[in-house]
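Structure data (CSV, C-alpha atoms) from protein19.csv:
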```csv
chain,number,residue,atom,x,y,z
U,1,MET,CA,26.6,57.9,-3.5
U,2,SER,CA,27.5,59.9,-0.4
U,3,GLN,CA,24.8,61.8,1.4
U,4,SER,CA,26.5,65.2,1.4
U,5,ASN,CA,25.1,67.9,-0.8
U,6,ILE,CA,28.4,68.6,-2.4
U,7,SER,CA,28.7,65.1,-3.7
U,8,ASP,CA,25.1,65.0,-4.8
U,9,VAL,CA,25.6,68.1,-6.9
U,10,GLN,CA,28.7,66.5,-8.4
U,11,ALA,CA,26.7,63.3,-8.9
U,12,VAL,CA,24.1,65.2,-10.9
U,13,ASP,CA,26.9,66.7,-13.0
U,14,ASN,CA,28.2,63.2,-13.6
U,15,LEU,CA,24.8,61.9,-14.6
U,16,SER,CA,24.4,64.8,-17.1
U,17,SER,CA,27.8,64.0,-18.7
U,18,ALA,CA,27.1,60.3,-18.7
U,19,TYR,CA,23.8,60.9,-20.5
U,20,LYS,CA,25.6,63.0,-23.2
U,21,ALA,CA,28.2,60.3,-23.6
U,22,LEU,CA,25.5,57.6,-23.9
U,23,LYS,CA,23.6,59.6,-26.5
U,24,ASN,CA,26.7,60.1,-28.6
U,25,GLU,CA,27.6,56.4,-28.4
U,26,ILE,CA,24.0,55.3,-29.3
U,27,GLY,CA,24.1,57.8,-32.1
U,28,LYS,CA,26.8,55.8,-33.8
U,29,VAL,CA,24.2,53.1,-34.5
U,30,ILE,CA,20.8,54.8,-34.3
U,31,VAL,CA,20.2,57.6,-36.7
U,32,GLY,CA,17.8,60.3,-35.4
U,33,GLN,CA,15.1,59.1,-32.9
U,34,ASP,CA,16.6,61.6,-30.3
U,35,ASP,CA,13.3,61.9,-28.3
U,36,VAL,CA,13.0,58.1,-28.2
U,37,VAL,CA,16.5,57.6,-27.0
U,38,LYS,CA,16.1,60.4,-24.4
U,39,SER,CA,12.8,58.9,-23.1
U,40,VAL,CA,14.2,55.4,-22.8
U,41,LEU,CA,17.2,56.6,-20.9
U,42,ILE,CA,15.1,58.7,-18.6
U,43,SER,CA,12.9,55.7,-17.7
U,44,LEU,CA,16.0,53.6,-17.2
U,45,PHE,CA,17.5,56.1,-14.7
U,46,SER,CA,14.1,56.5,-13.0
U,47,ASN,CA,13.8,52.7,-12.6
U,48,GLY,CA,10.7,52.5,-14.7
U,49,HIS,CA,9.7,50.3,-17.8
U,50,SER,CA,8.8,51.6,-21.2
U,51,LEU,CA,6.4,50.6,-24.0
U,52,LEU,CA,7.6,51.4,-27.5
U,53,VAL,CA,4.8,51.8,-30.1
U,54,GLY,CA,5.6,51.8,-33.7
U,55,VAL,CA,5.2,50.0,-37.1
U,56,PRO,CA,7.7,47.3,-38.0
U,57,GLY,CA,11.2,48.2,-39.3
U,58,LEU,CA,11.8,51.3,-37.2
U,59,ALA,CA,14.8,49.7,-35.5
U,60,LYS,CA,13.1,49.1,-32.1
U,61,THR,CA,15.1,45.9,-31.5
U,62,LEU,CA,18.4,47.5,-32.7
U,63,LEU,CA,17.8,50.5,-30.4
U,64,VAL,CA,17.3,48.2,-27.3
U,65,SER,CA,20.3,46.0,-28.0
U,66,THR,CA,22.5,49.1,-28.6
U,67,ILE,CA,21.4,50.6,-25.3
U,68,ALA,CA,22.2,47.3,-23.5
U,69,ASP,CA,25.6,47.3,-25.3
U,70,VAL,CA,26.7,50.8,-24.3
U,71,LEU,CA,25.5,50.2,-20.7
U,72,ASP,CA,27.5,46.9,-20.3
U,73,LEU,CA,24.3,45.1,-19.2
U,74,SER,CA,23.0,41.6,-20.1
U,75,PHE,CA,20.2,41.7,-22.7
U,76,LYS,CA,17.6,39.2,-23.8
U,77,ARG,CA,14.8,39.3,-26.3
U,78,ILE,CA,11.5,37.4,-26.1
U,79,GLN,CA,9.4,37.2,-29.3
U,80,PHE,CA,5.8,37.0,-27.9
U,81,THR,CA,3.6,34.6,-29.8
U,82,PRO,CA,0.1,33.2,-29.1
U,83,ASP,CA,1.5,29.8,-27.9
U,84,LEU,CA,4.0,31.3,-25.4
U,85,MET,CA,3.4,30.0,-21.8
U,86,PRO,CA,4.3,31.8,-18.6
U,87,SER,CA,7.0,29.2,-17.8
U,88,ASP,CA,8.7,30.0,-21.2
U,89,ILE,CA,9.6,33.4,-19.8
U,90,THR,CA,9.9,32.9,-16.1
U,91,GLY,CA,11.7,29.5,-16.2
U,92,SER,CA,10.6,26.2,-14.7
U,93,GLU,CA,11.7,23.3,-12.4
U,94,ILE,CA,13.5,20.5,-14.0
U,95,LEU,CA,14.8,17.2,-12.7
U,96,ASP,CA,18.6,17.1,-12.6
U,97,GLU,CA,20.8,13.9,-13.0
U,98,ASN,CA,20.5,13.3,-9.2
U,99,ARG,CA,16.7,13.3,-9.3
U,100,HIS,CA,16.5,16.7,-7.6
U,101,PHE,CA,14.4,19.5,-8.8
U,102,LYS,CA,16.4,22.4,-10.0
U,103,PHE,CA,15.2,25.8,-11.2
U,104,ASN,CA,16.0,26.5,-14.8
U,105,LYS,CA,16.0,30.3,-15.2
U,106,GLY,CA,14.0,31.8,-18.1
U,107,PRO,CA,14.9,34.8,-20.2
U,108,LEU,CA,13.4,37.2,-17.6
U,109,PHE,CA,16.6,36.8,-15.6
U,110,THR,CA,18.5,39.6,-17.4
U,111,ASN,CA,19.2,43.3,-16.9
U,112,ILE,CA,17.4,44.6,-20.1
U,113,LEU,CA,14.5,42.6,-21.5
U,114,LEU,CA,13.0,43.3,-24.9
U,115,ALA,CA,9.5,42.0,-24.9
U,116,ASP,CA,8.7,42.1,-28.6
U,117,GLU,CA,5.1,42.5,-29.6
U,118,ILE,CA,3.7,42.0,-26.1
U,119,ASN,CA,0.1,42.2,-27.5
U,120,ARG,CA,0.6,38.9,-29.4
U,121,THR,CA,0.6,36.7,-26.4
U,122,PRO,CA,-2.3,35.6,-24.2
U,123,PRO,CA,-3.2,37.4,-20.9
U,124,LYS,CA,-1.7,34.6,-18.8
U,125,THR,CA,1.8,35.2,-20.2
U,126,GLN,CA,1.4,38.9,-20.2
U,127,ALA,CA,0.4,38.7,-16.5
U,128,ALA,CA,3.6,36.7,-15.7
U,129,LEU,CA,5.7,39.5,-17.3
U,130,LEU,CA,3.8,42.3,-15.7
U,131,GLU,CA,4.1,40.6,-12.2
U,132,ALA,CA,7.9,40.4,-12.7
U,133,MET,CA,8.0,44.1,-13.7
U,134,GLN,CA,6.1,45.1,-10.6
U,135,GLU,CA,7.6,42.8,-8.0
U,136,ARG,CA,11.2,42.5,-9.6
U,137,SER,CA,10.9,38.7,-8.8
U,138,VAL,CA,9.1,35.6,-10.0
U,139,THR,CA,7.5,32.8,-8.0
U,140,VAL,CA,7.7,29.3,-9.4
U,141,SER,CA,6.4,26.3,-7.4
U,142,GLY,CA,6.0,28.4,-4.3
U,143,THR,CA,9.7,29.7,-4.3
U,144,ARG,CA,10.5,33.3,-5.0
U,145,HIS,CA,13.4,34.1,-7.3
U,146,VAL,CA,14.7,37.6,-7.2
U,147,LEU,CA,15.6,39.2,-10.6
U,148,SER,CA,19.0,40.8,-11.2
U,149,LYS,CA,19.3,44.5,-10.7
U,150,PRO,CA,18.9,46.8,-12.6
U,151,PHE,CA,15.9,45.2,-14.3
U,152,PHE,CA,14.4,47.1,-17.1
U,153,VAL,CA,11.6,46.0,-19.6
U,154,LEU,CA,11.2,47.6,-23.0
U,155,ALA,CA,8.1,46.2,-24.6
U,156,THR,CA,7.1,46.8,-28.2
U,157,GLN,CA,3.6,47.0,-29.7
U,158,ASN,CA,2.6,47.3,-33.3
U,159,PRO,CA,-0.2,49.8,-33.7
U,160,ILE,CA,-1.4,48.3,-37.0
U,161,GLU,CA,-2.6,44.7,-37.6
U,162,GLN,CA,-4.7,44.1,-34.5
U,163,GLU,CA,-6.0,40.7,-35.8
U,164,GLY,CA,-5.2,37.9,-33.4
U,165,THR,CA,-3.8,40.2,-30.7
U,166,TYR,CA,-4.5,40.5,-27.0
U,167,PRO,CA,-4.5,44.2,-26.3
U,168,LEU,CA,-3.1,45.1,-22.8
U,169,PRO,CA,-5.8,46.2,-20.4
U,170,GLU,CA,-5.5,49.7,-19.0
U,171,ALA,CA,-4.6,48.4,-15.5
U,172,GLN,CA,-1.6,46.6,-17.0
U,173,LEU,CA,-0.6,49.5,-19.3
U,174,ASP,CA,-0.3,51.5,-16.0
U,175,ARG,CA,2.8,49.4,-15.1
U,176,PHE,CA,4.7,51.1,-17.8
U,177,MET,CA,6.3,54.4,-16.8
U,178,PHE,CA,6.4,55.7,-20.4
U,179,ASN,CA,4.5,55.0,-23.7
U,180,ILE,CA,6.9,56.1,-26.4
U,181,PRO,CA,5.7,56.5,-30.0
U,182,LEU,CA,8.2,55.8,-32.8
U,183,ASP,CA,7.7,57.6,-36.1
U,184,TYR,CA,9.2,57.2,-39.5
U,185,PRO,CA,12.6,58.8,-40.0
U,186,SER,CA,12.9,62.0,-42.0
U,187,TYR,CA,14.1,61.7,-45.6
U,188,GLU,CA,17.7,62.8,-44.7
U,189,GLU,CA,17.8,60.3,-41.8
U,190,GLU,CA,16.5,57.5,-44.0
U,191,VAL,CA,19.2,58.2,-46.6
U,192,LEU,CA,21.8,57.9,-43.9
U,193,VAL,CA,20.3,54.7,-42.5
U,194,VAL,CA,20.2,53.1,-45.9
U,195,LYS,CA,23.8,54.3,-46.6
U,196,ASN,CA,25.1,52.8,-43.3
U,197,THR,CA,23.2,49.5,-43.5
U,198,THR,CA,23.9,48.6,-47.1
U,199,SER,CA,27.6,49.1,-47.0
U,200,ASP,CA,30.4,47.5,-45.0
U,201,TYR,CA,30.2,50.4,-42.4
U,202,LYS,CA,31.3,49.0,-39.0
U,203,TYR,CA,31.0,50.7,-35.7
U,204,THR,CA,32.6,49.8,-32.3
U,205,LEU,CA,30.7,50.7,-29.2
U,206,ASN,CA,32.3,51.6,-25.9
U,207,HIS,CA,30.8,50.7,-22.5
U,208,ILE,CA,29.7,53.9,-20.8
U,209,LEU,CA,28.1,52.7,-17.6
U,210,ASN,CA,27.9,49.5,-15.7
U,211,ALA,CA,25.1,48.0,-13.5
U,212,GLU,CA,26.5,49.4,-10.2
U,213,GLU,CA,26.7,53.0,-11.6
U,214,ILE,CA,23.2,52.8,-13.0
U,215,LEU,CA,21.8,51.7,-9.6
U,216,GLY,CA,23.7,54.6,-8.1
U,217,TYR,CA,22.1,57.0,-10.5
U,218,GLN,CA,18.6,55.5,-9.9
U,219,SER,CA,18.9,56.2,-6.2
U,220,LEU,CA,20.3,59.7,-7.0
U,221,VAL,CA,17.3,60.6,-9.1
U,222,ARG,CA,15.0,59.9,-6.1
U,223,LYS,CA,17.2,62.2,-3.9
U,224,ILE,CA,16.9,65.2,-6.2
U,225,PRO,CA,14.8,67.9,-4.4
U,226,ILE,CA,11.6,69.2,-5.9
U,227,ALA,CA,9.8,72.4,-5.0
U,228,ASP,CA,6.3,71.9,-3.5
U,229,ASN,CA,4.7,74.0,-6.3
U,230,VAL,CA,6.3,71.8,-9.0
U,231,LEU,CA,5.2,68.6,-7.2
U,232,GLU,CA,1.7,70.0,-6.8
U,233,TYR,CA,1.7,71.0,-10.5
U,234,ALA,CA,2.5,67.4,-11.5
U,235,VAL,CA,-0.2,66.0,-9.3
U,236,SER,CA,-2.7,68.5,-10.6
U,237,LEU,CA,-1.9,67.5,-14.2
U,238,ALA,CA,-2.7,63.9,-13.4
U,239,SER,CA,-5.9,64.8,-11.4
U,240,LYS,CA,-7.2,67.1,-14.2
U,241,THR,CA,-7.4,64.0,-16.5
U,242,ARG,CA,-10.1,62.3,-14.3
U,243,PRO,CA,-13.5,63.1,-15.7
U,244,ASN,CA,-16.3,64.3,-13.4
U,245,THR,CA,-13.9,65.1,-10.5
U,246,LYS,CA,-13.2,68.5,-8.9
U,247,HIS,CA,-10.2,69.3,-11.1
U,248,ALA,CA,-11.4,68.0,-14.4
U,249,THR,CA,-11.6,70.5,-17.3
U,250,PRO,CA,-14.7,70.7,-19.5
U,251,GLU,CA,-12.7,69.1,-22.3
U,252,ILE,CA,-11.8,66.1,-20.1
U,253,ASN,CA,-15.5,65.7,-19.1
U,254,ASN,CA,-16.4,65.8,-22.7
U,255,PHE,CA,-13.9,63.5,-24.3
U,256,ILE,CA,-12.4,61.2,-21.7
U,257,SER,CA,-14.0,58.2,-20.2
U,258,TRP,CA,-11.2,57.3,-17.8
U,259,GLY,CA,-8.2,59.3,-16.4
U,260,ALA,CA,-4.8,58.7,-15.0
U,261,GLY,CA,-4.3,57.2,-11.5
U,262,PRO,CA,-1.8,58.2,-8.7
U,263,ARG,CA,1.0,56.2,-10.4
U,264,ALA,CA,1.0,58.8,-13.1
U,265,SER,CA,1.7,61.6,-10.5
U,266,GLN,CA,4.6,59.5,-9.2
U,267,TYR,CA,6.1,59.0,-12.6
U,268,LEU,CA,5.6,62.7,-13.6
U,269,VAL,CA,7.7,63.7,-10.5
U,270,LEU,CA,10.4,61.0,-11.0
U,271,GLY,CA,10.6,61.7,-14.8
U,272,ALA,CA,10.8,65.5,-14.2
U,273,LYS,CA,13.6,65.0,-11.7
U,274,CYS,CA,15.6,62.8,-14.1
U,275,HIS,CA,14.8,65.2,-17.1
U,276,ALA,CA,16.2,68.1,-15.0
U,277,ALA,CA,19.3,66.1,-14.0
U,278,ILE,CA,20.3,65.0,-17.5
U,279,HIS,CA,20.1,68.7,-18.5
U,280,GLY,CA,22.4,69.7,-15.7
U,281,LYS,CA,19.7,71.2,-13.4
U,282,TYR,CA,19.7,70.4,-9.7
U,283,SER,CA,15.9,70.6,-9.3
U,284,PRO,CA,13.0,70.2,-11.7
U,285,ASP,CA,10.6,73.0,-12.8
U,286,LYS,CA,7.2,72.9,-14.5
U,287,GLU,CA,8.9,72.7,-18.0
U,288,ASP,CA,10.5,69.4,-16.9
U,289,VAL,CA,7.1,68.0,-15.9
U,290,GLN,CA,5.6,69.2,-19.3
U,291,ALA,CA,8.6,67.7,-21.2
U,292,ILE,CA,7.7,64.1,-20.1
U,293,ALA,CA,4.0,64.5,-19.5
U,294,GLU,CA,3.0,63.2,-22.9
U,295,TYR,CA,4.9,59.9,-22.4
U,296,VAL,CA,3.5,59.4,-18.9
U,297,LEU,CA,-0.2,60.3,-19.6
U,298,ARG,CA,-0.6,59.0,-23.2
U,299,HIS,CA,-1.5,55.4,-22.2
U,300,ARG,CA,-3.3,56.3,-19.0
U,301,ILE,CA,-6.2,58.3,-20.4
U,302,VAL,CA,-9.0,56.6,-22.3
U,303,ARG,CA,-10.9,58.6,-24.9
U,304,ASN,CA,-14.6,58.1,-25.3
U,305,TYR,CA,-16.4,57.5,-28.6
U,306,LYS,CA,-17.1,61.3,-29.0
U,307,ALA,CA,-13.3,62.0,-29.0
U,308,GLU,CA,-12.7,59.2,-31.5
U,309,ALA,CA,-15.5,60.5,-33.8
U,310,GLU,CA,-14.1,64.0,-33.8
U,311,GLY,CA,-10.6,62.8,-34.4
U,312,ILE,CA,-9.2,64.2,-31.1
U,313,THR,CA,-6.1,62.4,-30.0
U,314,GLU,CA,-4.6,61.8,-26.5
U,315,LEU,CA,-1.8,64.2,-27.4
U,316,ASP,CA,-4.3,67.0,-28.2
U,317,ILE,CA,-5.9,66.5,-24.8
U,318,ILE,CA,-2.6,66.4,-22.9
U,319,LYS,CA,-1.3,69.6,-24.7
U,320,ASN,CA,-4.5,71.4,-23.7
U,321,LEU,CA,-3.9,70.5,-20.0
U,322,PHE,CA,-0.8,72.8,-20.0
```
Translate the structure of the given file into structure tokens.
Amino acid sequence: MSQSNISDVQAVDNLSSAYKALKNEIGKVIVGQDDVVKSVLISLFSNGHSLLVGVPGLAKTLLVSTIADVLDLSFKRIQFTPDLMPSDITGSEILDENRHFKFNKGPLFTNILLADEINRTPPKTQAALLEAMQERSVTVSGTRHVLSKPFFVLATQNPIEQEGTYPLPEAQLDRFMFNIPLDYPSYEEEVLVVKNTTSDYKYTLNHILNAEEILGYQSLVRKIPIADNVLEYAVSLASKTRPNTKHATPEINNFISWGAGPRASQYLVLGAKCHAAIHGKYSPDKEDVQAIAEYVLRHRIVRNYKAEAEGITELDIIKNLF
């Protein structure tokens, strides 16, 4: 990316058209789920990770592998289980035929990682993944191994069946830029899904972007200018969620036991910049912040027993902040 404004304006136009092409290509395989696809791509271009929350059978794995396909990136999937060890995902030292220790890379060494049912594995293994997400590297036997770029984790969590799971603590959930809920398809979408998957329907996917182009767009998103009042609006949204502080609303004090930290403000700004760019705008406004606020704040606010008793959801609380 060149530094001149002309080329950055052109680059935003290119990002917008690349996003449309990606959506069309993914749409060959994934029926509906437009908001989910959009949110996953925004977090990818913002260099953040996402948590997909939905019941089994909603094509979470298919969605991730399709995105990896159209992006011409390497893709690996880890099925998290209670007996999974940190070395199973990071890799370990093995003795080679010359009696020298050699590092055998684990499945973390990829561009897109699908961490399936992340809440089914013990905290020790969760921590190994979350460290890699934060540091973009793993340390084994005192040696640091840098992960390939771009590195993007899509973790899935099943909201039902909590028996035998290890829920992610709030501090670790904070590492995910977005928490994206998946819902059942509409009746018409489901008819189309069943029609496509129970016939000999075949699709061919074209590669739209490569790793180098994605890294270029990730640095472009950071360069997008944002007006002070929009940035302050994003920060005020996050600070309003903190109970018993200066900006907290009466509803927050009443129903929230813990609010969003500064990382939420950073992701609100980055997400808004990217949301503006993919829609062909050169600078985000408050509507762009609001469009992604639900995904950024949903897993960063903790409801108290009163909210749960009255059936007030995180989404209700976020919408009232606007």
field: Residue neighbourhood Thr143 in chain U, 12 Å, only C-alpha atoms, exclusion window fewer than 2 positions, as number ranges by chain
entry: U: 92-93, 102-103, 137-141, 145-146
message: Quick check, in Å to one decimal: how far apart do CA of Pro122 in chain U and CA of Leu63 in chain U lie?
response: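 Between these atoms lies a distance of 25.8 Å.
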Among listed residues U:Pro185, U:Pro167, U:Pro123, U:Pro82, nearest Leu58 in chain U (using only C-alpha atoms):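 When distances to Leu58 in chain U are compared using only C-alpha atoms, the smallest one comes from U:Pro185.
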Give me the residues of range 269-304 of chain U that have any atom at most 10 Å from an atom of range 224-230 of chain U; for each, the nearest atom pair and the distance in Å, rounded to one decimal. Use all atoms listed in the file, sort by chain and number, and format it as CSV.
```
residue,atom,partner,partner_atom,distance
U:Val269,CA,U:Ile226,CA,8.2
U:Leu270,CA,U:Ile224,CA,9.1
U:Ala272,CA,U:Ile226,CA,9.1
U:Lys273,CA,U:Ile224,CA,6.4
U:Cys274,CA,U:Ile224,CA,8.4
U:Ala276,CA,U:Ile224,CA,9.3
U:Ala277,CA,U:Ile224,CA,8.2
U:Lys281,CA,U:Ile224,CA,9.8
U:Tyr282,CA,U:Ile224,CA,6.9
U:Ser283,CA,U:Ile226,CA,5.7
U:Pro284,CA,U:Ile226,CA,6.0
U:Asp285,CA,U:Val230,CA,5.9
U:Lys286,CA,U:Val230,CA,5.7
U:Glu287,CA,U:Val230,CA,9.4
U:Asp288,CA,U:Val230,CA,9.3
U:Val289,CA,U:Val230,CA,7.9
```
Would you mind exporting C-alpha atoms of the selected residues as an mmCIF file, in the frame of the given file?
```cif
data_model
loop_
_atom_site.group_PDB
_atom_site.id
_atom_site.type_symbol
_atom_site.label_atom_id
_atom_site.label_comp_id
_atom_site.auth_asym_id
_atom_site.auth_seq_id
_atom_site.Cartn_x
_atom_site.Cartn_y
_atom_site.Cartn_z
ATOM 1 C CA VAL U 269 7.700 63.700 -10.500
ATOM 2 C CA LEU U 270 10.400 61.000 -11.000
ATOM 3 C CA ALA U 272 10.800 65.500 -14.200
ATOM 4 C CA LYS U 273 13.600 65.000 -11.700
ATOM 5 C CA CYS U 274 15.600 62.800 -14.100
ATOM 6 C CA ALA U 276 16.200 68.100 -15.000
ATOM 7 C CA ALA U 277 19.300 66.100 -14.000
ATOM 8 C CA LYS U 281 19.700 71.200 -13.400
ATOM 9 C CA TYR U 282 19.700 70.400 -9.700
ATOM 10 C CA SER U 283 15.900 70.600 -9.300
ATOM 11 C CA PRO U 284 13.000 70.200 -11.700
ATOM 12 C CA ASP U 285 10.600 73.000 -12.800
ATOM 13 C CA LYS U 286 7.200 72.900 -14.500
ATOM 14 C CA GLU U 287 8.900 72.700 -18.000
ATOM 15 C CA ASP U 288 10.500 69.400 -16.900
ATOM 16 C CA VAL U 289 7.100 68.000 -15.900
#
```
Polymer residues at most 9 Å from Ser39 in chain U, all atoms listed in the file, same-chain spacing of 2 or more positions, as a CSV table (one decimal) with C-alpha atoms, in the frame of the given file:
```
chain,number,residue,atom,x,y,z
U,34,ASP,CA,16.6,61.6,-30.3
U,35,ASP,CA,13.3,61.9,-28.3
U,36,VAL,CA,13.0,58.1,-28.2
U,37,VAL,CA,16.5,57.6,-27.0
U,41,LEU,CA,17.2,56.6,-20.9
U,42,ILE,CA,15.1,58.7,-18.6
U,43,SER,CA,12.9,55.7,-17.7
U,44,LEU,CA,16.0,53.6,-17.2
U,50,SER,CA,8.8,51.6,-21.2
U,178,PHE,CA,6.4,55.7,-20.4
U,180,ILE,CA,6.9,56.1,-26.4
U,275,HIS,CA,14.8,65.2,-17.1
U,292,ILE,CA,7.7,64.1,-20.1
U,295,TYR,CA,4.9,59.9,-22.4
```
task: Go ahead and find all residues with at least one atom no further than 9 Å from (8.5, 47.8, -36.0) in the file's coordinates, using only C-alpha atoms; report them as a count of residues only.
output: 14
- request: For range 84-87 of chain U, list every protein, DNA or RNA residue within 10 Å, evaluated using only C-alpha atoms, and leave out those in the same chain fewer than 3 positions away; present the list as a count of residues only.
  value: 23
message: To one decimal place in Å, what is the distance between CA of Phe152 in chain U and CA of His49 in chain U?
response: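 Computing the Euclidean distance for CA of Phe152 in chain U and CA of His49 in chain U yields 5.7 Å.
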message: Can you measure CA of Val64 in chain U to CA of Leu268 in chain U for me? One decimal in Å is fine.
response: 23.1 Å
field: Residue neighbourhood range 296-306 of chain U, 6 Å, all atoms listed in the file, exclusion window fewer than 2 positions, as a VMD selection string
entry: chain U and resid 178 255 to 260 293 to 294 308 to 309 314
query: Quick one: residues within 8 Å of Val31 in chain U, all atoms listed in the file counted, chain neighbours fewer than 2 positions away excluded, as a VMD selection string?
result: chain U and resid 27 to 29 33 189 192 to 193
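Of the listed residues (U:Asn179, U:Asn320, U:Asn111, U:Thr241), U:Asn111 comes nearest to Ser148 in chain U; the distances count only C-alpha atoms.
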query: Between U:Lys240, U:His247, U:Ile278, U:Ile26, which one has atoms that come closest to Thr204 in chain U, using only C-alpha atoms?
result: U:Ile26
